[in-house]
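Asker: Contents of structure-v5.cif (mmCIF, C-alpha atoms) are given next:
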```cif
data_final
loop_
_atom_site.group_PDB
_atom_site.id
_atom_site.type_symbol
_atom_site.label_atom_id
_atom_site.label_comp_id
_atom_site.auth_asym_id
_atom_site.auth_seq_id
_atom_site.Cartn_x
_atom_site.Cartn_y
_atom_site.Cartn_z
ATOM 1 C CA MET A 1 252.977 -61.847 279.496
ATOM 2 C CA GLU A 2 255.808 -59.939 281.189
ATOM 3 C CA SER A 3 255.113 -56.917 278.995
ATOM 4 C CA ALA A 4 251.515 -56.826 280.253
ATOM 5 C CA LEU A 5 252.400 -57.300 283.926
ATOM 6 C CA LYS A 6 254.236 -54.001 284.439
ATOM 7 C CA PRO A 7 251.417 -51.706 283.211
ATOM 8 C CA PHE A 8 248.949 -53.718 285.275
ATOM 9 C CA ARG A 9 251.051 -53.329 288.427
ATOM 10 C CA ILE A 10 251.528 -49.598 287.930
ATOM 11 C CA LEU A 11 247.849 -49.014 287.241
ATOM 12 C CA ALA A 12 246.770 -51.177 290.191
ATOM 13 C CA TYR A 13 248.761 -48.933 292.523
ATOM 14 C CA ILE A 14 247.599 -45.720 290.878
ATOM 15 C CA VAL A 15 243.943 -46.787 290.916
ATOM 16 C CA GLY A 16 244.276 -47.936 294.537
ATOM 17 C CA VAL A 17 245.712 -44.601 295.640
ATOM 18 C CA MET A 18 243.176 -42.639 293.612
ATOM 19 C CA LEU A 19 240.349 -44.670 295.120
ATOM 20 C CA LEU A 20 241.560 -43.767 298.613
ATOM 21 C CA VAL A 21 241.721 -40.112 297.565
ATOM 22 C CA LEU A 22 238.225 -40.419 296.100
ATOM 23 C CA VAL A 23 236.859 -41.891 299.336
ATOM 24 C CA THR A 24 238.377 -38.954 301.222
ATOM 25 C CA CYS A 25 236.755 -36.542 298.760
ATOM 26 C CA ILE A 26 233.387 -38.265 299.178
ATOM 27 C CA VAL A 27 233.657 -37.944 302.967
ATOM 28 C CA LEU A 28 234.473 -34.258 302.526
ATOM 29 C CA ARG A 29 231.552 -33.807 300.147
ATOM 30 C CA TYR A 30 228.805 -35.598 302.040
ATOM 31 C CA GLY A 31 230.162 -35.229 305.556
ATOM 32 C CA PHE A 32 231.313 -31.632 305.487
ATOM 33 C CA GLY A 33 229.689 -30.101 302.404
ATOM 34 C CA ILE A 34 233.008 -29.500 300.600
ATOM 35 C CA GLU A 35 232.227 -30.390 296.983
ATOM 36 C CA GLY A 36 235.231 -29.035 295.074
ATOM 37 C CA PRO A 37 237.742 -31.875 295.427
ATOM 38 C CA SER A 38 235.305 -34.627 294.437
ATOM 39 C CA LYS A 39 234.414 -32.781 291.230
ATOM 40 C CA ILE A 40 238.078 -32.945 290.216
ATOM 41 C CA VAL A 41 239.067 -36.365 291.555
ATOM 42 C CA SER A 42 235.999 -38.349 290.422
ATOM 43 C CA PRO A 43 236.543 -38.022 286.654
ATOM 44 C CA ILE A 44 240.288 -38.582 287.003
ATOM 45 C CA HIS A 45 239.692 -41.777 288.966
ATOM 46 C CA GLY A 46 237.077 -42.909 286.448
ATOM 47 C CA PHE A 47 239.450 -42.381 283.536
ATOM 48 C CA LEU A 48 242.300 -44.195 285.292
ATOM 49 C CA TYR A 49 239.984 -47.041 286.257
ATOM 50 C CA MET A 50 239.048 -47.527 282.595
ATOM 51 C CA ILE A 51 242.738 -47.797 281.713
ATOM 52 C CA TYR A 52 243.148 -50.286 284.599
ATOM 53 C CA LEU A 53 240.344 -52.382 283.078
ATOM 54 C CA VAL A 54 242.128 -52.446 279.727
ATOM 55 C CA ALA A 55 245.448 -53.399 281.374
ATOM 56 C CA THR A 56 243.722 -56.154 283.352
ATOM 57 C CA MET A 57 242.034 -57.506 280.242
ATOM 58 C CA ASN A 58 245.324 -57.410 278.355
ATOM 59 C CA LEU A 59 247.147 -59.320 281.079
ATOM 60 C CA GLY A 60 244.290 -61.748 281.576
ATOM 61 C CA MET A 61 244.111 -62.613 277.896
ATOM 62 C CA LYS A 62 247.879 -63.105 277.642
ATOM 63 C CA ALA A 63 247.932 -65.213 280.823
ATOM 64 C CA ARG A 64 244.834 -67.149 279.668
ATOM 65 C CA TRP A 65 242.878 -66.548 282.851
ATOM 66 C CA THR A 66 239.260 -67.559 283.203
ATOM 67 C CA TRP A 67 236.674 -64.837 282.671
ATOM 68 C CA SER A 68 235.615 -65.055 286.301
ATOM 69 C CA TYR A 69 239.183 -64.422 287.476
ATOM 70 C CA ILE A 70 239.565 -61.469 285.088
ATOM 71 C CA LEU A 71 236.289 -60.022 286.352
ATOM 72 C CA GLY A 72 237.394 -60.468 289.970
ATOM 73 C CA VAL A 73 240.648 -58.637 289.326
ATOM 74 C CA MET A 74 238.737 -55.871 287.555
ATOM 75 C CA LEU A 75 236.350 -55.481 290.475
ATOM 76 C CA ALA A 76 239.290 -55.240 292.873
ATOM 77 C CA GLY A 77 239.761 -51.686 291.622
ATOM 78 C CA THR A 78 236.409 -50.701 293.098
ATOM 79 C CA VAL A 79 237.085 -51.619 296.738
ATOM 80 C CA PRO A 80 239.519 -49.460 298.717
ATOM 81 C CA LEU A 81 242.805 -51.283 299.463
ATOM 82 C CA LEU A 82 241.756 -54.415 297.549
ATOM 83 C CA SER A 83 243.653 -53.416 294.406
ATOM 84 C CA PHE A 84 246.882 -53.559 296.437
ATOM 85 C CA VAL A 85 246.078 -57.083 297.642
ATOM 86 C CA PHE A 86 245.152 -58.289 294.170
ATOM 87 C CA GLU A 87 248.224 -56.682 292.637
ATOM 88 C CA ARG A 88 250.412 -58.853 294.859
ATOM 89 C CA ARG A 89 248.371 -61.997 294.157
ATOM 90 C CA VAL A 90 248.368 -61.439 290.417
ATOM 91 C CA THR A 91 252.095 -60.659 290.371
ATOM 92 C CA ARG A 92 252.906 -63.856 292.278
ATOM 93 C CA ARG A 93 250.640 -65.883 289.994
ATOM 94 C CA VAL A 94 252.130 -64.485 286.794
ATOM 95 C CA GLU A 95 255.697 -64.827 288.065
ATOM 96 C CA SER A 96 255.107 -68.466 289.036
ATOM 97 C CA GLU A 97 253.558 -69.135 285.603
ATOM 98 C CA LEU A 98 256.578 -67.541 283.936
ATOM 99 C CA ALA A 99 258.942 -69.616 286.086
ATOM 100 C CA SER A 100 257.034 -72.791 285.211
ATOM 101 C CA ALA A 101 257.157 -71.951 281.522
ATOM 102 C CA ALA A 102 260.900 -71.282 281.679
ATOM 103 C CA ALA A 103 261.652 -74.574 283.456
#
```
Would you write out, as structure tokens, the structure that this file holds?

Answerer:
Amino acid sequence: MESALKPFRILAYIVGVMLLVLVTCIVLRYGFGIEGPSKIVSPIHGFLYMIYLVATMNLGMKARWTWSYILGVMLAGTVPLLSFVFERRVTRRVESELASAAA
């Protein structure tokens, strides 16, 4: 489970930052008519989000989470700033499960 936590944490931060960049690009595109940045950032964010989904599924299966919890963590990558909140919650949950297993 520890081996799956690190990639999840890294990707949660990357996807969170990229989502904020994407929101900025969308504001530029639809608010100011500047389309260039969103054409570059959108596919990059989409690709990274797919990797985040795989990392979340990997961690969820190893941690034996319920499907609803896995889905909730996956959806956290679609709401700006929520991936940061869920990263902390998931990390605390996994670390407490690891501590319980070690005791």

Asker: If you apply the PyMOL selection byres ((chain A and resi 22) around 9) to this file, what residues do you get, as number ranges by chain?

Answerer: A: 17-21, 23-27, 37-38, 41-42, 45

Asker: Pull C-alpha atoms from the residues just selected and write them as a short mmCIF file (atom, residue, chain, number, x, y, z; two decimals), in the frame of the given file.

Answerer:
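Saved result, again_37.cif, follows:
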```cif
data_model
loop_
_atom_site.label_atom_id
_atom_site.label_comp_id
_atom_site.auth_asym_id
_atom_site.auth_seq_id
_atom_site.Cartn_x
_atom_site.Cartn_y
_atom_site.Cartn_z
CA VAL A 17 245.71 -44.60 295.64
CA MET A 18 243.18 -42.64 293.61
CA LEU A 19 240.35 -44.67 295.12
CA LEU A 20 241.56 -43.77 298.61
CA VAL A 21 241.72 -40.11 297.56
CA VAL A 23 236.86 -41.89 299.34
CA THR A 24 238.38 -38.95 301.22
CA CYS A 25 236.76 -36.54 298.76
CA ILE A 26 233.39 -38.26 299.18
CA VAL A 27 233.66 -37.94 302.97
CA PRO A 37 237.74 -31.88 295.43
CA SER A 38 235.30 -34.63 294.44
CA VAL A 41 239.07 -36.36 291.56
CA SER A 42 236.00 -38.35 290.42
CA HIS A 45 239.69 -41.78 288.97
#
```

Asker: I need the output of the PyMOL selection byres ((chain A and resi 62-74) around 8) for this file as a PyMOL selection string; which residues are they?

Answerer: chain A and resi 1+4+52-53+56-61+75-78+83+86+94

Asker: Would you mind reading off the distance between CA of Glu95 in chain A and CA of Glu2 in chain A, one decimal, in Å?

Answerer: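 Taking CA of Glu95 in chain A as the start and CA of Glu2 in chain A as the end point, the length is 8.4 Å.
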
Asker: CA of Ile40 in chain A and CA of Ile10 in chain A, how far apart in Å?

Answerer: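 Interatomic distance, CA of Ile10 in chain A to CA of Ile40 in chain A: 21.5 Å.
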
Asker: Calculate how many Å separate CA of Thr91 in chain A from CA of Tyr13 in chain A, rounding to one decimal.

Answerer: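 Spanning CA of Thr91 in chain A to CA of Tyr13 in chain A is a straight-line distance of 12.4 Å.
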
Asker: Calculate, to one decimal in Å, the centre and edge lengths of the box along x, y and z of the file that holds all listed atoms of range 61-77 of chain A with 6 Å of margin on each side, and present them as JSON.

Answerer:
```
{"center_x": 241.8, "center_y": -59.6, "center_z": 285.3, "size_x": 24.3, "size_y": 27.9, "size_z": 27.2}
```

Asker: Please return range 40-71 of chain A, rebuilt to N, CA and C atoms, as an mmCIF file, in the coordinates of the input.

Answerer:
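As written to disk, out-v3.cif reads:
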```
data_model
loop_
_atom_site.group_PDB
_atom_site.id
_atom_site.type_symbol
_atom_site.label_atom_id
_atom_site.label_comp_id
_atom_site.auth_asym_id
_atom_site.auth_seq_id
_atom_site.Cartn_x
_atom_site.Cartn_y
_atom_site.Cartn_z
ATOM 1 N N ILE A 40 236.815 -32.808 290.947
ATOM 2 C CA ILE A 40 238.078 -32.945 290.216
ATOM 3 C C ILE A 40 238.548 -34.399 290.225
ATOM 4 N N VAL A 41 238.503 -35.026 291.389
ATOM 5 C CA VAL A 41 239.067 -36.365 291.555
ATOM 6 C C VAL A 41 238.204 -37.446 290.910
ATOM 7 N N SER A 42 236.894 -37.312 290.956
ATOM 8 C CA SER A 42 235.999 -38.349 290.422
ATOM 9 C C SER A 42 236.254 -38.669 288.951
ATOM 10 N N PRO A 43 236.293 -37.677 288.055
ATOM 11 C CA PRO A 43 236.543 -38.022 286.654
ATOM 12 C C PRO A 43 237.949 -38.565 286.406
ATOM 13 N N ILE A 44 238.923 -38.078 287.159
ATOM 14 C CA ILE A 44 240.288 -38.582 287.003
ATOM 15 C C ILE A 44 240.339 -40.056 287.395
ATOM 16 N N HIS A 45 239.729 -40.384 288.534
ATOM 17 C CA HIS A 45 239.692 -41.777 288.966
ATOM 18 C C HIS A 45 238.949 -42.636 287.941
ATOM 19 N N GLY A 46 237.841 -42.157 287.437
ATOM 20 C CA GLY A 46 237.077 -42.909 286.448
ATOM 21 C C GLY A 46 237.889 -43.196 285.196
ATOM 22 N N PHE A 47 238.608 -42.200 284.714
ATOM 23 C CA PHE A 47 239.450 -42.381 283.536
ATOM 24 C C PHE A 47 240.554 -43.401 283.812
ATOM 25 N N LEU A 48 241.219 -43.262 284.952
ATOM 26 C CA LEU A 48 242.300 -44.195 285.292
ATOM 27 C C LEU A 48 241.770 -45.615 285.511
ATOM 28 N N TYR A 49 240.574 -45.724 286.060
ATOM 29 C CA TYR A 49 239.984 -47.041 286.257
ATOM 30 C C TYR A 49 239.711 -47.715 284.913
ATOM 31 N N MET A 50 239.280 -46.956 283.928
ATOM 32 C CA MET A 50 239.048 -47.527 282.595
ATOM 33 C C MET A 50 240.361 -48.057 282.000
ATOM 34 N N ILE A 51 241.435 -47.326 282.193
ATOM 35 C CA ILE A 51 242.738 -47.797 281.713
ATOM 36 C C ILE A 51 243.158 -49.051 282.470
ATOM 37 N N TYR A 52 242.879 -49.092 283.785
ATOM 38 C CA TYR A 52 243.148 -50.286 284.599
ATOM 39 C C TYR A 52 242.385 -51.488 284.052
ATOM 40 N N LEU A 53 241.134 -51.287 283.643
ATOM 41 C CA LEU A 53 240.344 -52.382 283.078
ATOM 42 C C LEU A 53 240.983 -52.925 281.807
ATOM 43 N N VAL A 54 241.464 -52.027 280.962
ATOM 44 C CA VAL A 54 242.128 -52.446 279.727
ATOM 45 C C VAL A 54 243.415 -53.217 280.050
ATOM 46 N N ALA A 55 244.202 -52.716 280.996
ATOM 47 C CA ALA A 55 245.448 -53.399 281.374
ATOM 48 C C ALA A 55 245.161 -54.772 281.973
ATOM 49 N N THR A 56 244.102 -54.865 282.763
ATOM 50 C CA THR A 56 243.722 -56.154 283.352
ATOM 51 C C THR A 56 243.280 -57.126 282.268
ATOM 52 N N MET A 57 242.489 -56.657 281.341
ATOM 53 C CA MET A 57 242.034 -57.506 280.242
ATOM 54 C C MET A 57 243.223 -57.973 279.398
ATOM 55 N N ASN A 58 244.137 -57.074 279.127
ATOM 56 C CA ASN A 58 245.324 -57.410 278.355
ATOM 57 C C ASN A 58 246.133 -58.506 279.049
ATOM 58 N N LEU A 59 246.389 -58.326 280.325
ATOM 59 C CA LEU A 59 247.147 -59.320 281.079
ATOM 60 C C LEU A 59 246.380 -60.636 281.175
ATOM 61 N N GLY A 60 245.104 -60.543 281.447
ATOM 62 C CA GLY A 60 244.290 -61.748 281.576
ATOM 63 C C GLY A 60 244.235 -62.566 280.303
ATOM 64 N N MET A 61 244.141 -61.898 279.167
ATOM 65 C CA MET A 61 244.111 -62.613 277.896
ATOM 66 C C MET A 61 245.469 -63.257 277.593
ATOM 67 N N LYS A 62 246.545 -62.547 277.880
ATOM 68 C CA LYS A 62 247.879 -63.105 277.642
ATOM 69 C C LYS A 62 248.181 -64.257 278.587
ATOM 70 N N ALA A 63 247.684 -64.166 279.828
ATOM 71 C CA ALA A 63 247.932 -65.213 280.823
ATOM 72 C C ALA A 63 246.902 -66.344 280.726
ATOM 73 N N ARG A 64 245.895 -66.152 279.877
ATOM 74 C CA ARG A 64 244.834 -67.149 279.668
ATOM 75 C C ARG A 64 244.064 -67.469 280.952
ATOM 76 N N TRP A 65 243.683 -66.394 281.647
ATOM 77 C CA TRP A 65 242.878 -66.548 282.851
ATOM 78 C C TRP A 65 241.436 -66.847 282.463
ATOM 79 N N THR A 66 240.693 -67.369 283.422
ATOM 80 C CA THR A 66 239.260 -67.559 283.203
ATOM 81 C C THR A 66 238.580 -66.191 283.270
ATOM 82 N N TRP A 67 237.408 -66.103 282.663
ATOM 83 C CA TRP A 67 236.674 -64.837 282.671
ATOM 84 C C TRP A 67 236.292 -64.429 284.087
ATOM 85 N N SER A 68 235.990 -65.400 284.925
ATOM 86 C CA SER A 68 235.615 -65.055 286.301
ATOM 87 C C SER A 68 236.802 -64.470 287.068
ATOM 88 N N TYR A 69 238.004 -64.966 286.814
ATOM 89 C CA TYR A 69 239.183 -64.422 287.476
ATOM 90 C C TYR A 69 239.467 -63.008 286.968
ATOM 91 N N ILE A 70 239.356 -62.806 285.659
ATOM 92 C CA ILE A 70 239.565 -61.469 285.088
ATOM 93 C C ILE A 70 238.570 -60.484 285.694
ATOM 94 N N LEU A 71 237.316 -60.888 285.776
ATOM 95 C CA LEU A 71 236.289 -60.022 286.352
ATOM 96 C C LEU A 71 236.583 -59.704 287.816
#
```
